[in-house]
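So the structure is just underneath, and the comments pick up after that.
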Amino acid sequence: MHASKILATFVAMGVHVVAYNNNCEGSGAAGIALIPQNCINAKNAIDTSATYTDGTEFSKGNCYVKYATNGSGDQPISGQDIVNTMTTIMDSCDVGIGSFGTGNCDSCHVTINYRA
């Protein structure tokens, strides 16, 4: 089945298709300078029972972590969904950095990257 037919099928069924383009891109320095424990500390600091909105940052040490909607408003999301997205990035990307969609809006995503 062609991608356009699959998409049309999901739309007809009322299934939300996430448009965010997941990626494992980030700072070139991340592979050398990022301390993975800082990202684990950032993930552990997130209250999984809380609700967060656009622009919330969870950075620790040299690990930059942010939930963003790219102009789609606040788009509330649970801390658990942010933790789950971080885990997916950390497990899927070689260096553990990238941006993955959260599924609550087409442009909503979590980013993990290196920061100086």
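Here, A, B, ... name the chains of the structure tokens in the order displayed, residue numbers run from 1 inside each chain, and ligands are numbered from 1 in the same displayed order.
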
Would you kindly return, as a list in words, each protein, DNA or RNA residue with an atom no farther than 12 Å from any atom of Asn84 (chain A), considering only C-alpha atoms and excluding same-chain residues fewer than 2 positions away? Lys43, Asn44, Ile46, Thr48, Ile77, Ser78, Gly79, Gln80, Asp81, Ile82, Met86, Thr87, Thr88, Ile89, Met90, Asp91, Phe100, Gly101, Thr102, Gly103, His109 and Val110 of chain A

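Take CA of Cys63 (chain A) and CA of Cys24 (chain A): the distance between them is 14.7 Å.
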